[in-house]
Amino acid sequence: MKEALPDPADPARHPGASAPGAGAGALILRGAGSLAAALQAVADEPGAGALLCDIDGTISPIVADPYDAVVPAAFRAALEALAPRLGLLAFITGRDVRQAAAMVGVAEATYVGLHGFDLLAPDGTVVRDPAAAGYVDRVQKMARRVSGLDAETLGLVIENKGPMLDLHYRQAPDPAATLAILEAEILGPARALGLAVATGHFLVELRPPEPVDKGTAVRRLLQAGGRGETALRSAVFLGDDLTDCTGFAAIHAWAAEAAPAGPGDARTVAPPAETPAKRLALAVAALTDETPRQVRDEADVWVDATPGVLVVLAGLLEAARTQAGR
Ligand SMILES: [Mg+2]
């Protein structure tokens, strides 16, 4: 029996360079008990632990221009230390996948971009879901239309990702007015072309209307298993926006699934001697005043964005290090 982990909300349990200082407990806004259970699962079996992590607003503070966003050094240090200890560390983002990998800069991690459409393979090549290909021309047609708008006056930052087009309007002098113009000039015509429109924090996104999202990416990653195809037993998803709710749902569904049957016909083989190991899922929402209600409702734990995320990462790292010899 391992020594019980102390309360994750206790700032005294976060020594070391990657740990936040005193007051860390105040950054866990809800669900400290659920967090402690997940940390215990990681301490019991770090190699069976998966950490699935959004980037913007989660490990990277939101800034006015998304091209200026960075992952602070303390976050990167914690994530780099976690990567070789966990069964799976994956970053799942709406960003271009190569840009995401460069921004996070953690090796030994899996990167999923464009909300699940792109996967960065270990050899550096990008594997794109073929379903995205048929929409590039239509998205680029809308990109040309957007280039006819007065982006400066509207406070628009345009992110052209090929099969997706993000229009950020955080810098708009009148966000409602900018959104109304986008609706009339871009979003309506995009829908008429058969594209889907997704929304986020001061963001609208044109995308293929395909059933691909962070949740489908998470399901695929968890099914593939950890390093060496090790079965995963715990999954923590960190996110801050509506697109992350599909990731929350995916880990919850994964944990609720019955343990897979053993080899052979389940009706004729003897039942397993031991109860199959349970799976544990923890959805962590990084909150600001802007966090959509759905994100709060569907998360198990609320933390203050983004310093509270660092508290969670430090807790995971401490848990992963508790296993002897690691
Ligand atoms: Mg985000």
# chains A, B, ... in the order shown; residues from 1 in each chain; ligands from 1
call {"tool": "select_by_dssp", "arguments": {"residues": "region 28-272 of chain A", "states": "strand (DSSP E)", "output": "ChimeraX atom specification"}}
result
/A:28-30,49-53,88-92,110-113,118-120,126-128,157-160,165-168,196-200,203-207,234-239
call {"tool": "residues_around", "arguments": {"residues": "region 105-109 of chain A", "least_positions_apart": "6", "cutoff": "7 Å", "atoms": "only C-alpha atoms", "output": "list in words"}}
result
Arg76, Leu79, Glu80, Ala83, Pro84, Leu89 and Ala90 of chain A
call {"tool": "write_last_selection", "arguments": {"atoms": "C-alpha atoms", "output": "mmCIF file, in the first residue's frame"}}
result
data_model
loop_
_atom_site.group_PDB
_atom_site.id
_atom_site.type_symbol
_atom_site.label_atom_id
_atom_site.label_comp_id
_atom_site.auth_asym_id
_atom_site.auth_seq_id
_atom_site.Cartn_x
_atom_site.Cartn_y
_atom_site.Cartn_z
ATOM 1 C CA ARG A 76 6.684 23.156 -20.371
ATOM 2 C CA LEU A 79 5.005 18.538 -19.160
ATOM 3 C CA GLU A 80 8.509 17.514 -20.261
ATOM 4 C CA ALA A 83 6.101 12.824 -20.858
ATOM 5 C CA PRO A 84 8.427 9.860 -20.165
ATOM 6 C CA LEU A 89 0.796 12.559 -23.193
ATOM 7 C CA ALA A 90 -1.191 14.132 -26.011
#
call {"tool": "residues_around", "arguments": {"residues": "Leu51 (chain A)", "least_positions_apart": "6", "cutoff": "9 Å", "atoms": "only C-alpha atoms", "output": "PyMOL selection string"}}
result
chain A and resi 82+86-91+234-238
call {"tool": "write_last_selection", "arguments": {"atoms": "C-alpha atoms", "output": "compact mmCIF listing (two decimals), in the first residue's frame"}}
result
# COMPACT_ATOMS: atom_id res chain seq x y z
CA LEU A 82 5.62 14.01 -17.25
CA LEU A 86 3.00 8.63 -18.30
CA GLY A 87 1.62 6.06 -20.71
CA LEU A 88 0.37 8.81 -23.00
CA LEU A 89 0.80 12.56 -23.19
CA ALA A 90 -1.19 14.13 -26.01
CA PHE A 91 -1.91 17.72 -26.98
CA SER A 234 -6.64 6.58 -16.11
CA ALA A 235 -7.25 9.57 -18.33
CA VAL A 236 -7.15 13.25 -17.43
CA PHE A 237 -8.38 15.78 -19.97
CA LEU A 238 -7.54 19.46 -19.44
call {"tool": "residues_near_ligand", "arguments": {"ligand": "ligand 1", "cutoff": "10 Å", "atoms": "only C-alpha atoms and all ligand atoms", "output": "ChimeraX atom specification"}}
result
/A:53-62,92-95,200-201,238-244,285-286
call {"tool": "residues_around", "arguments": {"residues": "Val126 (chain A)", "least_positions_apart": "3", "cutoff": "10 Å", "atoms": "only C-alpha atoms", "output": "count of residues only"}}
result
13
call {"tool": "decode", "arguments": {"residues": "region 230-244 of chain A", "atoms": "C-alpha atoms", "output": "mmCIF file, in the first residue's frame"}}
result
data_model
loop_
_atom_site.group_PDB
_atom_site.id
_atom_site.type_symbol
_atom_site.label_atom_id
_atom_site.label_comp_id
_atom_site.auth_asym_id
_atom_site.auth_seq_id
_atom_site.Cartn_x
_atom_site.Cartn_y
_atom_site.Cartn_z
ATOM 1 C CA THR A 230 0.041 -0.758 -22.643
ATOM 2 C CA ALA A 231 -3.606 -0.662 -21.617
ATOM 3 C CA LEU A 232 -4.456 2.711 -20.154
ATOM 4 C CA ARG A 233 -6.326 2.888 -16.841
ATOM 5 C CA SER A 234 -6.638 6.579 -16.108
ATOM 6 C CA ALA A 235 -7.254 9.569 -18.332
ATOM 7 C CA VAL A 236 -7.154 13.248 -17.425
ATOM 8 C CA PHE A 237 -8.381 15.784 -19.970
ATOM 9 C CA LEU A 238 -7.539 19.455 -19.439
ATOM 10 C CA GLY A 239 -9.510 22.022 -21.403
ATOM 11 C CA ASP A 240 -11.193 25.394 -21.298
ATOM 12 C CA ASP A 241 -13.622 25.745 -24.202
ATOM 13 C CA LEU A 242 -16.658 24.187 -25.851
ATOM 14 C CA THR A 243 -14.604 22.018 -28.202
ATOM 15 C CA ASP A 244 -13.055 20.395 -25.119
#
